[in-house]
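What's in upload.txt: compact mmCIF, C-alpha atoms
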# COMPACT_ATOMS: atom_id res chain seq x y z
CA MET A 1 -11.95 -18.89 22.47
CA ASN A 2 -14.65 -17.02 24.38
CA GLU A 3 -12.96 -13.94 25.78
CA PRO A 4 -10.39 -12.27 23.58
CA ALA A 5 -7.34 -11.20 25.50
CA ALA A 6 -6.17 -7.61 25.49
CA GLY A 7 -3.70 -6.56 22.85
CA CYS A 8 -2.41 -8.26 19.75
CA GLU A 9 0.80 -9.88 18.72
CA PHE A 10 1.92 -8.56 15.34
CA VAL A 11 4.67 -11.02 14.79
CA GLU A 12 5.26 -13.79 12.31
CA LYS A 13 3.90 -16.66 14.39
CA SER A 14 0.19 -16.70 15.07
CA PRO A 15 -0.72 -15.87 18.63
CA PRO A 16 -3.00 -18.24 20.51
CA ASP A 17 -5.84 -15.73 20.69
CA LEU A 18 -8.19 -16.08 17.72
CA ALA A 19 -9.38 -12.46 17.50
CA CYS A 20 -5.81 -11.25 17.59
CA SER A 21 -4.74 -13.93 15.18
CA GLU A 22 -7.40 -12.78 12.71
CA PHE A 23 -6.47 -9.15 13.18
CA SER A 24 -2.83 -10.00 12.75
CA SER A 25 -3.69 -11.76 9.47
CA LEU A 26 -5.72 -8.75 8.40
CA TYR A 27 -2.72 -6.53 9.05
CA THR A 28 -0.37 -8.83 7.19
CA GLU A 29 -2.68 -9.00 4.19
CA HIS A 30 -3.63 -5.35 3.87
CA SER A 31 -0.91 -3.24 5.51
CA ARG A 32 1.08 -2.76 2.31
CA ALA A 33 -1.96 -1.45 0.41
CA ILE A 34 -2.96 0.90 3.21
CA TYR A 35 0.58 2.13 3.82
CA TYR A 36 1.13 2.72 0.10
CA LEU A 37 -2.11 4.69 -0.22
CA ALA A 38 -1.19 6.82 2.80
CA LEU A 39 2.38 7.28 1.56
CA ARG A 40 1.45 8.51 -1.88
CA PHE A 41 -1.62 10.41 -0.78
CA LEU A 42 0.19 12.27 2.01
CA GLY A 43 3.60 12.35 0.31
CA ASP A 44 5.52 11.86 3.53
CA PRO A 45 6.81 8.48 4.81
CA GLN A 46 6.74 9.45 8.49
CA LYS A 47 3.20 10.78 8.28
CA ALA A 48 2.19 7.71 6.26
CA GLU A 49 3.59 5.51 9.02
CA ASP A 50 1.57 7.40 11.63
CA ALA A 51 -1.54 7.27 9.46
CA THR A 52 -1.23 3.53 8.83
CA HIS A 53 -0.87 2.90 12.54
CA ASP A 54 -3.94 5.04 13.25
CA VAL A 55 -6.00 3.37 10.51
CA PHE A 56 -5.33 -0.13 11.84
CA LEU A 57 -5.92 0.98 15.39
CA LYS A 58 -9.30 2.36 14.33
CA ALA A 59 -9.99 -0.89 12.50
CA PHE A 60 -9.10 -2.86 15.64
CA ARG A 61 -11.52 -0.77 17.69
CA LYS A 62 -14.27 -0.95 15.08
CA LEU A 63 -13.88 -4.55 14.07
CA ASP A 64 -17.22 -5.38 15.66
CA GLN A 65 -18.87 -2.72 13.47
CA PHE A 66 -17.69 -4.25 10.22
CA ARG A 67 -20.85 -5.58 8.61
CA GLY A 68 -19.29 -7.57 5.83
CA GLU A 69 -21.21 -5.61 3.16
CA ALA A 70 -17.94 -4.57 1.57
CA SER A 71 -14.64 -6.39 1.35
CA VAL A 72 -12.21 -5.93 4.22
CA ARG A 73 -9.85 -4.13 1.83
CA THR A 74 -12.61 -1.66 0.88
CA TRP A 75 -13.52 -1.13 4.53
CA LEU A 76 -9.90 -0.40 5.45
CA TYR A 77 -9.51 1.90 2.44
CA ARG A 78 -12.56 3.86 3.56
CA ILE A 79 -11.06 4.38 7.01
CA ALA A 80 -7.70 5.31 5.44
CA ILE A 81 -9.17 7.75 2.92
CA ASN A 82 -11.19 9.56 5.60
CA HIS A 83 -8.16 9.69 7.87
CA CYS A 84 -5.79 10.97 5.18
CA GLN A 85 -8.27 13.53 3.87
CA ASN A 86 -8.80 14.83 7.41
CA LEU A 87 -5.04 15.10 7.88
CA ARG A 88 -4.57 16.99 4.62
CA GLN A 89 -7.42 19.33 5.49
CA ALA A 90 -5.88 19.97 8.91
CA TRP A 91 -2.47 20.71 7.32
CA HIS A 92 -4.11 22.97 4.79
CA ASP A 93 -5.89 24.87 7.55
CA ARG A 94 -2.64 25.20 9.51
CA HIS A 95 -0.52 25.84 6.39
CA VAL A 96 1.63 22.80 7.16
CA PHE A 97 3.59 21.18 4.32
CA SER A 98 5.37 17.87 4.00
CA ASN A 99 9.04 18.08 4.91
CA ALA A 100 10.12 14.65 3.65
CA ASP A 101 13.77 14.75 2.69
CA ASP A 102 15.73 12.61 0.23
CA ALA A 103 16.91 10.10 2.83
CA VAL A 104 13.45 8.76 3.59
CA TRP A 105 12.78 7.91 -0.06
CA GLU A 106 15.76 5.60 -0.20
CA ASN A 107 13.75 2.92 1.56
CA ALA A 108 11.95 2.32 -1.71
CA ALA A 109 14.81 0.30 -3.16
CA ALA A 110 15.55 -3.16 -1.84
CA ARG A 111 18.88 -3.67 -0.12
CA THR A 112 19.83 -6.31 -2.66
CA ASP A 113 19.50 -3.92 -5.61
CA SER A 114 22.61 -2.61 -7.33
CA PRO A 115 23.63 1.02 -6.66
CA LEU A 116 22.53 1.97 -10.19
CA ARG A 117 19.17 0.35 -9.67
CA VAL A 118 18.79 2.01 -6.29
CA LEU A 119 19.36 5.37 -7.99
CA GLU A 120 16.89 4.53 -10.77
CA ILE A 121 14.19 3.50 -8.34
CA LYS A 122 14.83 6.49 -6.09
CA GLU A 123 14.52 8.84 -9.05
CA LEU A 124 11.37 7.09 -10.25
CA VAL A 125 9.82 7.22 -6.79
CA GLN A 126 10.51 10.94 -6.50
CA ARG A 127 9.03 11.57 -9.94
CA ILE A 128 5.93 9.54 -9.11
CA GLN A 129 5.42 11.46 -5.87
CA LYS A 130 5.96 14.79 -7.60
CA THR A 131 3.47 13.84 -10.29
CA LEU A 132 0.87 12.67 -7.78
CA ASP A 133 1.35 15.87 -5.79
CA GLY A 134 0.48 17.81 -8.95
CA LEU A 135 -2.81 15.99 -9.44
CA SER A 136 -6.13 16.92 -7.88
CA ASP A 137 -7.08 14.90 -4.80
CA GLU A 138 -9.76 13.20 -6.87
CA TYR A 139 -7.43 12.01 -9.64
CA ARG A 140 -4.68 11.03 -7.19
CA LEU A 141 -7.06 8.90 -5.14
CA LEU A 142 -8.64 7.37 -8.23
CA LEU A 143 -5.32 6.28 -9.70
CA LEU A 144 -4.06 4.89 -6.40
CA LEU A 145 -7.23 2.85 -5.90
CA VAL A 146 -7.44 1.58 -9.47
CA ALA A 147 -3.77 0.59 -9.31
CA ASP A 148 -4.74 -1.91 -6.61
CA GLU A 149 -5.55 -5.01 -8.63
CA GLU A 150 -7.80 -6.32 -5.88
CA MET A 151 -10.17 -3.40 -6.41
CA SER A 152 -12.90 -3.50 -9.05
CA TYR A 153 -14.31 -0.36 -10.70
CA GLU A 154 -17.47 -0.93 -8.66
CA GLN A 155 -15.50 -0.96 -5.40
CA VAL A 156 -13.46 2.08 -6.39
CA GLY A 157 -16.69 3.84 -7.40
CA ALA A 158 -18.22 3.09 -4.02
CA LEU A 159 -15.21 4.58 -2.27
CA VAL A 160 -15.09 7.78 -4.32
CA GLY A 161 -18.85 8.20 -4.64
CA GLN A 162 -19.01 7.60 -8.40
CA THR A 163 -20.60 5.07 -10.72
CA PRO A 164 -18.27 2.51 -12.35
CA ASP A 165 -18.79 4.28 -15.71
CA ALA A 166 -17.85 7.62 -14.18
CA VAL A 167 -14.75 5.98 -12.69
CA ARG A 168 -13.73 4.74 -16.15
CA GLY A 169 -14.23 8.18 -17.69
CA LYS A 170 -12.34 9.99 -14.98
CA LEU A 171 -9.62 7.38 -15.00
CA HIS A 172 -8.98 8.10 -18.67
CA ARG A 173 -8.50 11.80 -17.92
CA ALA A 174 -6.48 11.07 -14.78
CA ARG A 175 -4.09 8.87 -16.79
CA LYS A 176 -3.60 11.59 -19.39
CA THR A 177 -2.96 14.22 -16.74
CA PHE A 178 -0.57 11.92 -14.90
CA ALA A 179 1.37 11.16 -18.09
CA ALA A 180 1.66 14.85 -18.99
CA LEU A 181 2.82 15.82 -15.50
CA PHE A 182 5.21 12.87 -15.30
CA GLU A 183 6.93 13.98 -18.50
CA LYS A 184 7.52 17.38 -16.95
CA THR A 185 9.31 15.86 -13.96
CA ALA A 186 12.08 14.42 -16.18
CA MET B 1 37.63 -29.09 -23.29
CA LYS B 2 34.18 -29.76 -24.65
CA GLN B 3 32.86 -29.72 -21.12
CA GLN B 4 34.47 -26.32 -20.53
CA THR B 5 32.86 -24.97 -23.71
CA LYS B 6 29.48 -26.29 -22.64
CA LEU B 7 29.88 -24.79 -19.21
CA SER B 8 30.84 -21.53 -20.78
CA GLU B 9 27.78 -21.63 -23.04
CA GLU B 10 25.56 -22.36 -20.08
CA GLN B 11 27.07 -19.48 -18.18
CA GLN B 12 26.51 -17.19 -21.16
CA GLN B 13 22.91 -18.33 -21.42
CA LYS B 14 22.41 -17.74 -17.71
CA GLN B 15 23.99 -14.31 -17.97
CA HIS B 16 21.84 -13.51 -21.00
CA ALA B 17 18.71 -14.63 -19.16
CA ALA B 18 19.69 -12.55 -16.14
CA GLU B 19 20.24 -9.50 -18.35
CA GLN B 20 16.89 -10.02 -20.03
CA GLN B 21 15.22 -10.28 -16.65
CA THR B 22 16.87 -7.06 -15.55
CA GLN B 23 15.71 -5.32 -18.72
CA GLN B 24 12.20 -6.65 -18.24
CA GLN B 25 12.22 -5.28 -14.70
CA SER B 26 13.41 -1.89 -15.88
CA PRO B 27 11.34 0.72 -14.08
CA ARG B 28 11.19 2.94 -17.13
CA GLU B 29 8.67 1.10 -19.29
CA PHE B 30 5.07 1.27 -18.19
CA ALA B 31 1.88 1.09 -20.19
CA ASN B 32 0.00 3.53 -17.97
CA ALA B 33 -0.02 5.28 -14.61
CA GLU B 34 -1.53 2.36 -12.72
CA GLU B 35 1.17 0.02 -13.92
CA MET B 36 3.81 2.44 -12.69
CA LEU B 37 2.04 2.76 -9.34
CA ARG B 38 1.82 -1.02 -9.04
CA TYR B 39 5.55 -1.26 -9.61
CA ASP B 40 6.11 1.47 -7.05
CA ALA B 41 3.83 -0.25 -4.53
CA ALA B 42 5.62 -3.56 -5.03
CA HIS B 43 8.91 -1.82 -4.17
CA THR B 44 7.50 -0.09 -1.11
CA ALA B 45 8.12 -1.92 2.13
CA VAL B 46 5.89 -1.38 5.13
CA PRO B 47 8.03 -0.05 7.99
CA PRO B 48 8.24 -2.72 10.73
CA ALA B 49 7.81 0.04 13.29
CA ILE B 50 4.09 0.21 12.47
CA ALA B 51 3.47 -3.35 13.65
CA GLN B 52 5.51 -2.73 16.79
CA ARG B 53 3.56 0.44 17.55
CA LEU B 54 0.26 -1.32 16.91
CA GLN B 55 1.22 -4.09 19.26
CA LYS B 56 1.80 -1.54 21.99
CA SER B 57 -1.33 0.45 21.17
CA THR B 58 -3.63 -2.56 21.17
CA GLY B 59 -1.99 -3.85 24.34
CA ASP B 60 -4.03 -1.39 26.37
CA LEU B 61 -7.28 -2.25 24.65
CA PRO B 62 -9.64 -5.17 25.06
CA GLY B 63 -9.82 -7.43 22.01
CA PRO B 64 -12.63 -7.07 19.47
CA LYS B 65 -16.00 -7.95 21.05
CA LYS B 66 -17.69 -9.71 18.15
CA PRO B 67 -15.38 -10.49 15.28
CA TRP B 68 -16.93 -10.09 11.84
CA TRP B 69 -16.33 -13.68 10.82
CA LYS B 70 -18.54 -14.86 13.68
CA ARG B 71 -21.40 -12.83 12.24
CA LEU B 72 -20.61 -13.96 8.74
CA PHE B 73 -20.19 -17.64 9.50
CA GLY B 74 -22.09 -17.86 12.75
CA GLY B 75 -18.94 -18.92 14.54
CA ALA B 76 -19.35 -22.41 13.11
CA ASN B 77 -16.00 -22.46 11.43
CA ARG B 78 -14.01 -21.56 14.45
Could you write out this file's structure as structure tokens?
Amino acid sequence: MNEPAAGCEFVEKSPPDLACSEFSSLYTEHSRAIYYLALRFLGDPQKAEDATHDVFLKAFRKLDQFRGEASVRTWLYRIAINHCQNLRQAWHDRHVFSNADDAVWENAAARTDSPLRVLEIKELVQRIQKTLDGLSDEYRLLLLLVADEEMSYEQVGALVGQTPDAVRGKLHRARKTFAALFEKTA
Amino acid sequence: MKQQTKLSEEQQQKQHAAEQQTQQQSPREFANAEEMLRYDAAHTAVPPAIAQRLQKSTGDLPGPKKPWWKRLFGGANR
């Protein structure tokens, strides 16, 4: 494989082109984490979909700039965080708010779940989003990153510009704030 | 008759196990915020439309010039 072909095949079977195959694997491995971060950080499934697309497109374009100093997950998170923060800043400047309605949250429950379970999950998802919306950007981001079991405190610290000890301290306060706000959403 | 009883017991055990599993999966019991977020993330599906859009978007672009794994492994592995 000397010259990568244009475009990538994001389907189940690996395409013949190696670069695309690797990028396709990268998408398969990390898309859930990036989409989830965007979803809960932006609070809007449609905007999260757009953001995830844009993040992976940026990653595709910048793949040659990835130096391997951080993990791929950390690198993608950095792109995603910058992108989402820019979006939120732009909305703030234009006084735009999320207009996600109830219907879009129903995707959270699997189709095989019972109607009761679907309702439970839907309610939980709405409460989680409401709670996260009530947190500062710093606490929201911290909790979302720490919730990713692939991320160490060191990696989270590098992403949020804090030492691992500072991450632990802030995480304690973020948990308490989250729990207090979550109770209020009941 | 004995066989029926045994079958019935097995069914009850299966039902009990299924109920326990459902209770264990109850979304209402979490030790902390991260655990709740992990549960939420596990139930969040990535919309297939993203992959389709990416396929179209990257279709107009040349592939990556120097993939990172070539720099990392010197291209020896591939």
### Task
Could the residues of chain B within 6 Å of chain A, counting all atoms listed in the file, be given as a PyMOL selection string, please?
chain B and resi 33-34+38+43-44+46+50-51+55+58-59+61-63+66-67
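Pairwise distance (CA of Gly43 in chain A, CA of Asp133 in chain A) equals 7.4 Å.
Distance annotation: of A:Leu26, A:Ser136, A:Pro115, A:Leu141, the residue with the minimal separation from Asn82 in chain A is A:Leu141; atom set is all atoms listed in the file.
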### Query
Taking all atoms listed in the file into account, which of B:Ala49, B:Asp40, B:Asp60, B:Leu54 comes nearest Gln126 in chain A?
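Using all atoms listed in the file, Gln126 in chain A sits closest to B:Asp40.
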## Note on the structure
Counting all atoms listed in the file, the residue among A:Glu138, A:Glu183, A:Asp44, A:Glu69 that lies closest to Gly161 in chain A is A:Glu138
### Query
How far is it from CA of Arg127 in chain A to CA of Ala41 in chain B, in Å with one decimal?
14.0 Å
#### Entry: Atom pair CA of Ser152 in chain A / CA of Gln89 in chain A: separation (Å)
27.6 Å
